[in-house]
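A.B. asks: Below is a structure I'd like to ask you about.
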Amino acid sequence: MPTTATPFAAPLATSAAVGPAAVEATPKQVLGDSKGRLVVDMYTGYNAVTKPGGRLRAGCIAHARRKLFEQREHPETKDALDLISEIYRVEREAKEAGIVGTDAHLALRKEKSRPLLARLLQCGRRHNGQYNPRSGMAKAINYLVKNFRALGRFLRFASIPPDNNVAEASLRRVALGRGNYLFFGNEEAGHNFAVLYTLVTSCEKHGVNAIDYLTDVLMRVQTHPASKIDELLPHRWKPPDTPPVE
């Protein structure tokens, strides 16, 4: 059975898991019954882990924007795209002010982004039902209106980004590899790839040289205390002391 790697991005690490292609079991396999929040698109494979009692699902505004952008020949999309641009301008303002993820960031979102998102919903509802249900424009509007509650979750939590672009960027690398080497030799090879991918991308997230990290850890792990193995994770790893120059 064909397999594929699925990346899961988090603040401390990007983790990859390998499972059967186009099968919805991977999110459940990785996340299980864990609690928390999950920023994803509307792929139904995440339903099993975002049902009541599971993780709180937050939508991806970038997905909504992409669907509208693809229909930009319709003048009706301009207002919606402009409003989404304004939402991202608020995020840039928070980043420049150094307040990302703080209470001040959340307050800024509530002050500036909440009214923008409300206007975006009004825009979608105004044009909803005006197009052939099978048309791209109808699908773009329906995505916005139907998933509006999930798309607005970032207004409740400063820790939630308005999109899952970080995970999407990781997925593009997987897709590029899939196009180059096409298949894993066997399931074990796929899981080995996922482990290596997890370590390398997590090194990149924390500005760690992956070659230096792997060279050191593959040797050190043989004698490192099992109870302190988390010290060798990319975000906690410290390079060995540089020997004095003689």
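In the structure tokens, chains take letters A, B, ... by order of appearance, with residues numbered from 1 within each chain and ligands from 1 in the order shown.
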Give me every alpha helix (DSSP H) residue in segment 13-117 of chain A, going by DSSP on the backbone, as a VMD selection string.

C.D. replies: chain A and resid 25 to 31 47 to 50 61 to 69 77 to 97 103 to 108 114 to 117

A.B. asks: Per residue of segment 36-82 of chain A within 10 Å of segment 147-164 of chain A, record the nearest atom pair and its distance in Å to one decimal, counting only C-alpha atoms, with rows in chain order and ascending residue number, as a Markdown table.

C.D. replies:
```
| residue | atom | partner | partner_atom | distance |
| --- | --- | --- | --- | --- |
| A:Arg37 | CA | A:Ile160 | CA | 8.0 |
| A:Leu38 | CA | A:Ile160 | CA | 8.5 |
| A:Val39 | CA | A:Asn164 | CA | 5.8 |
| A:Val40 | CA | A:Asn164 | CA | 6.0 |
| A:Asp41 | CA | A:Asn164 | CA | 7.8 |
| A:Met42 | CA | A:Asn147 | CA | 8.0 |
| A:Leu56 | CA | A:Ala150 | CA | 8.8 |
| A:Arg57 | CA | A:Ala150 | CA | 6.3 |
| A:Ala58 | CA | A:Ala150 | CA | 4.7 |
| A:Gly59 | CA | A:Leu151 | CA | 4.1 |
| A:Cys60 | CA | A:Asp163 | CA | 4.1 |
| A:Ile61 | CA | A:Asp163 | CA | 5.3 |
| A:Ala62 | CA | A:Asp163 | CA | 5.6 |
| A:His63 | CA | A:Asp163 | CA | 7.8 |
| A:Ala64 | CA | A:Leu151 | CA | 8.6 |
```

A.B. asks: Give me the residues of segment 9-111 of chain A that have any atom at most 8 Å from an atom of segment 140-144 of chain A; for each, the nearest atom pair and the distance in Å, rounded to one decimal. Use only C-alpha atoms, sort by chain and number, and format it as JSON lines.

C.D. replies:
```
{"residue": "A:Ala64", "atom": "CA", "partner": "A:Leu144", "partner_atom": "CA", "distance": 6.0}
{"residue": "A:Lys67", "atom": "CA", "partner": "A:Ala140", "partner_atom": "CA", "distance": 5.1}
{"residue": "A:Leu68", "atom": "CA", "partner": "A:Ala140", "partner_atom": "CA", "distance": 5.6}
{"residue": "A:Gln71", "atom": "CA", "partner": "A:Ala140", "partner_atom": "CA", "distance": 8.0}
```

A.B. asks: Which is closest to Val49 of chain A among A:Gly32, A:Pro133, A:Pro225, A:Pro115, if we use only C-alpha atoms?

C.D. replies: A:Gly32
